[in-house]
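To be precise, the following lines are structure_38.txt, and they hold compact mmCIF, C-alpha atoms.
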# COMPACT_ATOMS: atom_id res chain seq x y z
CA MET N 103 -30.81 31.91 1.55
CA THR N 104 -28.39 32.31 -1.34
CA LYS N 105 -29.53 32.96 -4.85
CA PRO N 106 -28.96 30.14 -7.36
CA LEU N 107 -26.04 30.34 -9.76
CA VAL N 108 -26.98 31.35 -13.27
CA ALA N 109 -25.29 29.87 -16.33
CA THR N 110 -22.85 32.78 -16.71
CA ASP N 111 -21.78 32.48 -13.05
CA ARG N 112 -21.16 28.77 -13.53
CA GLN N 113 -19.16 29.42 -16.68
CA SER N 114 -16.94 31.99 -14.97
CA ILE N 115 -16.33 29.54 -12.10
CA LEU N 116 -15.39 26.81 -14.59
CA ASP N 117 -13.13 29.20 -16.51
CA GLY N 118 -11.38 30.15 -13.26
CA LEU N 119 -10.85 26.50 -12.39
CA ALA N 120 -9.46 25.72 -15.82
CA ASP N 121 -7.05 28.65 -15.60
CA SER N 122 -5.69 28.07 -12.12
CA TRP N 123 -6.18 24.41 -11.13
CA LYS N 124 -4.32 21.28 -12.18
CA PRO N 125 -6.40 18.49 -13.74
CA GLY N 126 -5.91 16.29 -10.66
CA GLU N 127 -7.23 19.05 -8.40
CA ILE N 128 -10.32 19.44 -10.60
CA ARG N 129 -10.91 15.66 -10.49
CA ASP N 130 -10.66 15.74 -6.68
CA LEU N 131 -13.19 18.58 -6.59
CA ALA N 132 -15.51 16.64 -8.90
CA ALA N 133 -15.29 13.58 -6.66
CA THR N 134 -16.04 15.72 -3.60
CA LEU N 135 -19.03 17.31 -5.31
CA LEU N 136 -20.33 13.88 -6.28
CA ARG N 137 -20.05 12.71 -2.66
CA LEU N 138 -21.99 15.81 -1.62
CA ALA N 139 -24.68 15.01 -4.21
CA ASP N 140 -24.82 11.42 -2.89
CA SER N 141 -25.40 12.65 0.66
CA LEU N 142 -28.05 15.12 -0.50
CA ASP N 143 -29.76 12.36 -2.47
CA GLN N 144 -29.92 10.29 0.72
CA ARG N 145 -31.30 13.30 2.59
CA TRP N 146 -28.60 12.51 5.11
CA ASP N 147 -28.42 14.34 8.38
CA ASP N 148 -26.31 13.54 11.38
CA THR N 149 -29.31 13.39 13.69
CA SER N 150 -30.38 10.09 12.15
CA THR N 151 -27.11 8.31 12.94
CA ARG N 152 -26.70 6.24 16.02
CA PRO N 153 -24.09 3.78 17.17
CA ILE N 154 -24.68 0.13 16.52
CA PHE N 155 -23.41 -2.01 19.37
CA ARG N 156 -22.64 -5.60 18.61
CA TRP N 157 -21.30 -8.43 20.65
CA PRO N 158 -17.55 -7.82 21.07
CA ASN N 159 -15.70 -9.41 18.16
CA ALA N 160 -13.35 -8.37 15.36
CA LEU N 161 -16.14 -6.68 13.39
CA SER N 162 -17.33 -4.62 16.37
CA ARG N 163 -13.71 -3.59 17.08
CA ILE N 164 -13.32 -2.39 13.49
CA GLU N 165 -16.65 -0.55 13.62
CA ARG N 166 -15.62 1.25 16.83
CA ASN N 167 -12.30 2.24 15.25
CA ALA N 168 -13.74 2.96 11.78
CA LEU N 169 -12.88 6.67 11.70
CA ASN N 170 -9.22 6.07 12.52
CA LEU N 171 -9.07 3.23 10.01
CA ALA N 172 -10.75 5.47 7.42
CA MET N 173 -7.93 8.00 7.86
CA THR N 174 -5.46 5.20 7.12
CA ALA N 175 -7.53 4.24 4.08
CA ARG N 176 -7.49 7.87 2.92
CA VAL N 177 -3.69 8.03 3.15
CA ILE N 178 -3.37 4.79 1.18
CA TYR N 179 -5.87 6.03 -1.42
CA GLN N 180 -4.10 9.41 -1.81
CA GLN N 181 -0.71 7.71 -2.13
CA ARG N 182 -2.14 5.50 -4.85
CA ARG N 183 -3.49 8.55 -6.72
CA LYS N 184 -0.13 10.34 -6.38
CA ARG N 185 1.54 7.59 -8.42
CA HIS N 186 -0.33 8.93 -11.45
CA ASP N 187 1.93 11.99 -11.39
CA PHE N 188 4.91 9.75 -12.18
CA LEU N 189 3.67 6.67 -14.01
CA PRO N 190 1.16 6.00 -16.80
CA ALA N 191 -2.26 4.87 -15.53
CA GLN N 192 -2.06 1.61 -17.50
CA PHE N 193 0.56 0.36 -15.03
CA LEU N 194 -1.33 1.24 -11.88
CA GLY N 195 -4.63 -0.60 -12.06
CA GLU N 196 -6.30 -2.09 -9.01
CA PRO N 197 -9.83 -0.75 -9.34
CA ALA N 198 -11.39 -3.25 -6.93
CA TRP N 199 -9.05 -2.12 -4.15
CA ASP N 200 -9.79 1.55 -4.85
CA ILE N 201 -13.51 0.76 -4.67
CA LEU N 202 -13.09 -1.06 -1.35
CA LEU N 203 -11.03 1.80 0.13
CA GLU N 204 -13.64 4.36 -0.94
CA LEU N 205 -16.47 2.26 0.47
CA PHE N 206 -14.65 1.86 3.79
CA MET N 207 -14.01 5.60 4.08
CA GLN N 208 -17.68 6.30 3.42
CA PHE N 209 -18.77 3.49 5.77
CA ALA N 210 -16.83 5.20 8.57
CA GLY N 211 -18.79 8.38 7.96
CA GLY N 212 -22.12 6.59 7.69
CA ALA N 213 -22.63 7.48 4.04
CA LYS N 214 -23.81 5.42 1.11
CA VAL N 215 -21.89 5.68 -2.16
CA SER N 216 -23.44 5.83 -5.61
CA THR N 217 -22.09 3.67 -8.40
CA THR N 218 -21.15 6.88 -10.24
CA SER N 219 -18.97 7.98 -7.29
CA LEU N 220 -17.31 4.58 -7.22
CA CYS N 221 -16.51 4.78 -10.93
CA ILE N 222 -14.72 8.07 -10.26
CA ALA N 223 -12.97 6.71 -7.16
CA ALA N 224 -11.70 3.70 -9.10
CA ASP N 225 -10.37 6.01 -11.84
CA VAL N 226 -11.43 3.61 -14.58
CA PRO N 227 -14.18 3.63 -17.22
CA ALA N 228 -17.67 3.05 -15.84
CA SER N 229 -17.96 -0.36 -17.52
CA THR N 230 -14.78 -1.53 -15.78
CA ALA N 231 -15.84 -0.21 -12.37
CA LEU N 232 -19.30 -1.79 -12.73
CA ARG N 233 -17.71 -5.13 -13.59
CA TYR N 234 -15.59 -4.96 -10.44
CA ILE N 235 -18.58 -3.92 -8.33
CA ALA N 236 -20.47 -6.98 -9.64
CA GLN N 237 -17.50 -9.23 -8.80
CA LEU N 238 -17.21 -7.73 -5.31
CA GLU N 239 -20.94 -8.25 -4.82
CA GLN N 240 -20.68 -11.84 -5.97
CA ALA N 241 -17.84 -12.38 -3.47
CA GLY N 242 -20.10 -11.07 -0.69
CA LEU N 243 -17.97 -7.98 0.04
CA VAL N 244 -20.44 -5.33 -1.17
CA LYS N 245 -24.18 -4.95 -1.63
CA ARG N 246 -26.24 -2.68 -3.85
CA GLU N 247 -29.53 -0.95 -3.15
CA SER N 248 -31.67 1.51 -5.06
CA SER N 249 -32.13 5.04 -3.81
CA ALA N 250 -35.47 5.60 -2.14
CA PHE N 251 -35.67 9.06 -3.71
CA ASP N 252 -34.29 8.53 -7.22
CA LYS N 253 -34.64 5.11 -8.84
CA ARG N 254 -31.89 6.01 -11.33
CA VAL N 255 -29.35 5.99 -8.50
CA THR N 256 -27.92 2.79 -7.04
CA PHE N 257 -25.93 2.87 -3.82
CA VAL N 258 -23.15 0.44 -2.98
CA SER N 259 -21.97 -0.34 0.54
CA LEU N 260 -19.72 -2.83 2.26
CA THR N 261 -21.26 -5.92 3.79
CA ASP N 262 -20.13 -6.99 7.25
CA GLN N 263 -17.73 -9.36 5.50
CA GLY N 264 -16.35 -6.45 3.45
CA VAL N 265 -15.97 -4.21 6.52
CA LEU N 266 -14.13 -6.99 8.30
CA ALA N 267 -11.80 -7.79 5.39
CA VAL N 268 -10.81 -4.18 4.65
CA GLY N 269 -10.73 -3.23 8.33
CA LEU N 270 -8.43 -6.10 9.27
CA TYR N 271 -6.06 -5.05 6.48
CA LEU N 272 -6.12 -1.41 7.59
CA GLU N 273 -5.43 -2.39 11.19
CA GLN N 274 -2.10 -3.80 9.99
CA HIS N 275 -0.99 -0.42 8.58
Any chance you could give the structure as structure tokens?
Amino acid sequence: MTKPLVATDRQSILDGLADSWKPGEIRDLAATLLRLADSLDQRWDDTSTRPIFRWPNALSRIERNALNLAMTARVIYQQRRKRHDFLPAQFLGEPAWDILLELFMQFAGGAKVSTTSLCIAADVPASTALRYIAQLEQAGLVKRESSAFDKRVTFVSLTDQGVLAVGLYLEQH
């Protein structure tokens, strides 16, 4: 068992990051850490996952191929983030699409995503991301549920309709 980090250890880690990492790399690390926190909050372990077999249709095809499609989603998402190196963020907004891509990638891995993670993934202020999440929920593409372990945390996931819509798009790329 490792000993916990004390405040001075944390500060030296942060100082090292600030000295040697680009802001985009730090944001990527923050997003990864938030995903880790989400999975810990769910008390996720891979022994609880099992395949869900449905009657053969477009949705079941996408579910079977979800990991490959998630890799495609990841490439699209990374390409979208790379644009920020060349163009001002105000010209690059499609937060709903970024949210859907993130949710699909996490769906493929069997993970739930907190609203906080989605705000980071969308790269917009929390109020904007929450507005898009509400619109996506109203359209039947996503659903929200409270964490069983921390009532302050709300998880968002794709509905079957959302999986189908994003998956069909990703199959074309």
I'd like the neighbourhood of Ile178 in chain N as a tab-separated table (two decimals) with C-alpha atoms, keeping the file's coordinate frame, where a residue qualifies if any of its atoms comes within 12 Å (using only C-alpha atoms), though same-chain residues fewer than 2 positions away should be ignored.
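Written file, around_12.tsv:
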chain	number	residue	atom	x	y	z
N	171	LEU	CA	-9.07	3.23	10.01
N	172	ALA	CA	-10.75	5.47	7.42
N	173	MET	CA	-7.93	8.00	7.86
N	174	THR	CA	-5.46	5.20	7.12
N	175	ALA	CA	-7.53	4.24	4.08
N	176	ARG	CA	-7.49	7.87	2.92
N	180	GLN	CA	-4.10	9.41	-1.81
N	181	GLN	CA	-0.71	7.71	-2.13
N	182	ARG	CA	-2.14	5.50	-4.85
N	183	ARG	CA	-3.49	8.55	-6.72
N	184	LYS	CA	-0.13	10.34	-6.38
N	185	ARG	CA	1.54	7.59	-8.42
N	199	TRP	CA	-9.05	-2.12	-4.15
N	200	ASP	CA	-9.79	1.55	-4.85
N	202	LEU	CA	-13.09	-1.06	-1.35
N	203	LEU	CA	-11.03	1.80	0.13
N	204	GLU	CA	-13.64	4.36	-0.94
N	206	PHE	CA	-14.65	1.86	3.79
N	207	MET	CA	-14.01	5.60	4.08
N	271	TYR	CA	-6.06	-5.05	6.48
N	272	LEU	CA	-6.12	-1.41	7.59
N	275	HIS	CA	-0.99	-0.42	8.58
Checklist entry - Just how far from CA of Thr256 in chain N is CA of Ile235 in chain N, in Å to one decimal? => result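 Between CA of Ile235 in chain N and CA of Thr256 in chain N the gap works out to 11.6 Å.
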Item to check | Residue nearest Glu273 in chain N - candidates N:Tyr234, N:Asn170, N:Arg129, N:Leu135, atoms counted: all atoms listed in the file | outcome: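 Distance minimum relative to Glu273 in chain N lands on N:Asn170.
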Checklist entry - What does the distance from CA of Arg163 in chain N to CA of Leu220 in chain N come to in Å, to one decimal? => result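 Answer for the CA of Arg163 in chain N to CA of Leu220 in chain N separation: 25.9 Å.
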Next on the checklist: Residues within 9 Å of Ser219 in chain N, please, as a list in words. Count only C-alpha atoms; anything in the same chain fewer than 4 positions from it doesn't count.
Outcome noted: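 The residues that qualify are Ala133, Leu136, Arg137, Asp140, Val215, Ala223 and Ala224 of chain N.
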Checklist entry - N:Gly126, N:Val177, N:Leu260, N:Val226: which is nearest Leu194 in chain N, counting all atoms listed in the file? => result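 Smallest distance to Leu194 in chain N is found for N:Val226.
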Checklist entry - Smallest atom-to-atom distance to Ala198 in chain N: which of N:Leu119, N:Ala132, N:Leu161, N:Val268, using all atoms listed in the file? => result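 Using all atoms listed in the file, Ala198 in chain N sits closest to N:Val268.
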Checklist entry - Any idea what's packed within 8 Å of Cys221 in chain N, counting all atoms listed in the file, ignoring anything in its chain fewer than 5 positions away? Could you give it as a list in words? => result Val226, Pro227, Ala228, Ala231 and Leu232 of chain N
